[in-house]
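Student: This is the structure I want to talk about, given as structure tokens.
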Amino acid sequence: MMQASDLLKRVFAGLRAAKLPFVVLRNYKLLPDEWENDIDILVGSADLESVHAIVLETIQAATRTNTIHVMCRINFRATRYTCADRELHIDLYSAMSKGWATYADTAAILDARRHAHALFDVPTEPHELLLIAAKELFAYGEIRARYHRHFAGHDPELAHSAAVSVFGRFMTAAGLTLVAAAMVNPTVKGRPALKMCTLVRPEQALRWAVMRRNRWTVLPATRGGG
């Protein structure tokens with residue numbers, strides 16, 4: 001049975017070969033050899049199904065007996081597979097969202113991506129930190145202390161400019177100011193406010209409500225190379 005790191009390398013190589021833009025959102029310093037839990041990848045809004053198909057096809061080509069677990073939710077596909085040494089868990093996002101409401105510009109993040117490894121790209125540092133800040137503030141109303149050392153001391157004007165490029169279409173002025181302020185003072189508190197046009201999307205809200213009930217399902221393994 002294949003090691004998880006070897007299988008992950010095959011997945012990344014498949015995405016590179018397909019020339020589909022993607023970024024590993026966080027915790028990528030030791031990839032593709034070591035990581036903690038799951039691997040979070042952001043892809044283009046039109047590429048989610050194609051990228052997920054590559055992930056599945058790559059795993060199916062490598063496995064003999066183990067089953068593959070998948071989950072499909074709005075703007076999200078997840079895959080889990082137990083390798084020889086550990087579980088490989090890949091989460092794919094085509095939008096950063098709170099519920100049904102998208103709050104970040106996927107295209108802007110992908111267009112500005114930086115090359116971190118021969119096999120994958122990552123967001124620019126300001127975009128990476130802003131996404132962490134937004135995620136923390138939406139979830140907890142503050143940024144947990146474990147992230148503080150990454151934030152303090154950034155230029156306020158550059159932080160605000162980067163926030164506009166990522167969140168400007170979706171957040172109110174107050175929301176932008178709050179998230180940008182985290183780049184200077186990570187002890188800020190509050191939850192970013194979203195524009196009404198971002199929140200009032202009945203079809204998107206209904207789709208989210210239906211798909212959020214989805215749980216892990218099992219795909220039968222196909223006979224592969226092992």
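In the structure tokens, each chain is lettered A, B, ... as it comes, each chain's residues begin at 1, and ligands are numbered from 1 in order of appearance.
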What's the 10 Å shell around Asp121 in chain A, counting only C-alpha atoms, without same-chain residues fewer than 4 positions away, as a list in words?

Tutor: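 Within the cut-off, the hits are Arg16, Pro21, Phe22, Val23, Val24, Leu25, Tyr28, Ile41, Leu110, Arg113, Arg114, His115, Ala116 and His117 of chain A.
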
Student: Keeping only N, CA, C and O atoms, write those residues as a compact mmCIF listing (two decimals), in the first residue's frame.

Tutor:
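Written output follows (selection.txt):
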# COMPACT_ATOMS: atom_id res chain seq x y z
N ARG A 16 -0.96 19.72 -11.57
CA ARG A 16 0.00 20.49 -12.35
C ARG A 16 -0.11 20.13 -13.84
O ARG A 16 -0.12 21.01 -14.70
N PRO A 21 -5.26 26.08 -12.02
CA PRO A 21 -4.68 26.86 -10.93
C PRO A 21 -5.24 26.43 -9.58
O PRO A 21 -6.43 26.17 -9.44
N PHE A 22 -4.37 26.34 -8.59
CA PHE A 22 -4.80 26.01 -7.24
C PHE A 22 -3.76 26.51 -6.25
O PHE A 22 -2.59 26.72 -6.61
N VAL A 23 -4.18 26.70 -5.01
CA VAL A 23 -3.25 27.05 -3.94
C VAL A 23 -3.55 26.19 -2.72
O VAL A 23 -4.72 25.88 -2.44
N VAL A 24 -2.50 25.80 -2.01
CA VAL A 24 -2.66 25.20 -0.69
C VAL A 24 -2.80 26.36 0.27
O VAL A 24 -1.92 27.22 0.36
N LEU A 25 -3.90 26.41 0.98
CA LEU A 25 -4.25 27.62 1.73
C LEU A 25 -3.39 27.85 2.96
O LEU A 25 -3.09 29.00 3.29
N TYR A 28 1.47 24.56 4.88
CA TYR A 28 2.11 23.91 3.74
C TYR A 28 3.63 23.84 3.87
O TYR A 28 4.30 23.34 2.96
N ILE A 41 -7.22 23.10 -0.06
CA ILE A 41 -6.83 23.59 -1.39
C ILE A 41 -7.95 24.45 -1.96
O ILE A 41 -9.12 24.06 -1.94
N LEU A 110 -6.13 33.43 -6.58
CA LEU A 110 -5.41 32.55 -7.50
C LEU A 110 -4.52 33.35 -8.45
O LEU A 110 -3.40 32.92 -8.76
N ARG A 113 -1.24 34.21 -6.72
CA ARG A 113 -0.56 33.10 -6.04
C ARG A 113 0.94 33.12 -6.27
O ARG A 113 1.43 33.64 -7.29
N ARG A 114 1.67 32.54 -5.33
CA ARG A 114 3.13 32.49 -5.44
C ARG A 114 3.59 31.03 -5.45
O ARG A 114 2.96 30.15 -4.87
N HIS A 115 4.70 30.83 -6.10
CA HIS A 115 5.26 29.49 -6.27
C HIS A 115 5.99 29.11 -4.98
O HIS A 115 6.95 29.76 -4.59
N ALA A 116 5.54 28.05 -4.32
CA ALA A 116 6.17 27.63 -3.07
C ALA A 116 6.92 26.32 -3.21
O ALA A 116 7.82 26.03 -2.42
N HIS A 117 6.56 25.52 -4.21
CA HIS A 117 7.15 24.19 -4.40
C HIS A 117 6.93 23.80 -5.85
O HIS A 117 6.02 24.32 -6.51

Student: Do a neighbour search on Ala108 in chain A at 8 Å with only C-alpha atoms, toss out local chain neighbours closer than 3 positions, and write the hits as number ranges by chain.

Tutor: A: 105, 111-112, 165-166

Student: Could you please take those selected residues and save N, CA, C and O atoms as a JSON list (two decimals), in the first residue's frame?

Tutor:
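Saved file part-v5.json follows:
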[["chain", "number", "residue", "atom", "x", "y", "z"],
["A", 105, "ASP", "N", -12.66, 36.78, -2.85],
["A", 105, "ASP", "CA", -12.57, 36.69, -4.30],
["A", 105, "ASP", "C", -11.57, 35.59, -4.67],
["A", 105, "ASP", "O", -10.36, 35.79, -4.60],
["A", 111, "ASP", "N", -4.98, 34.50, -8.90],
["A", 111, "ASP", "CA", -4.18, 35.32, -9.81],
["A", 111, "ASP", "C", -2.89, 35.80, -9.16],
["A", 111, "ASP", "O", -1.87, 35.98, -9.83],
["A", 112, "ALA", "N", -2.93, 36.03, -7.85],
["A", 112, "ALA", "CA", -1.76, 36.56, -7.14],
["A", 112, "ALA", "C", -0.91, 35.46, -6.51],
["A", 112, "ALA", "O", 0.06, 35.76, -5.82],
["A", 165, "SER", "N", -8.72, 44.04, -2.20],
["A", 165, "SER", "CA", -8.58, 43.17, -3.37],
["A", 165, "SER", "C", -9.23, 41.80, -3.15],
["A", 165, "SER", "O", -9.75, 41.19, -4.07],
["A", 166, "VAL", "N", -9.21, 41.32, -1.92],
["A", 166, "VAL", "CA", -9.75, 39.99, -1.63],
["A", 166, "VAL", "C", -11.22, 40.04, -1.20],
["A", 166, "VAL", "O", -12.03, 39.21, -1.63]]

Student: Can you list, as an MDAnalysis selection string, every residue of range 42-85 of chain A that DSSP puts in strand (DSSP E or B)?

Tutor: chainID A and resid 42:43 68:73 76:82

Student: From the set A:Phe12, A:Tyr81, A:Phe138, A:Trp100, which residue has the shortest atom-to-atom contact distance to Arg201 in chain A, counting only C-alpha atoms?

Tutor: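 For Arg201 in chain A, the nearest of the candidates is A:Trp100.
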
Student: In Å, rounded to a single decimal, give me how far CA of Tyr140 in chain A is from CA of Glu128 in chain A.

Tutor: 18.1 Å

Student: Given the choices A:Ala13, A:Val210, A:Ala205, A:Val218, which gets closest to Ser97 in chain A if the distance is worked out from only C-alpha atoms?

Tutor: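 Closest candidate: A:Ala205.
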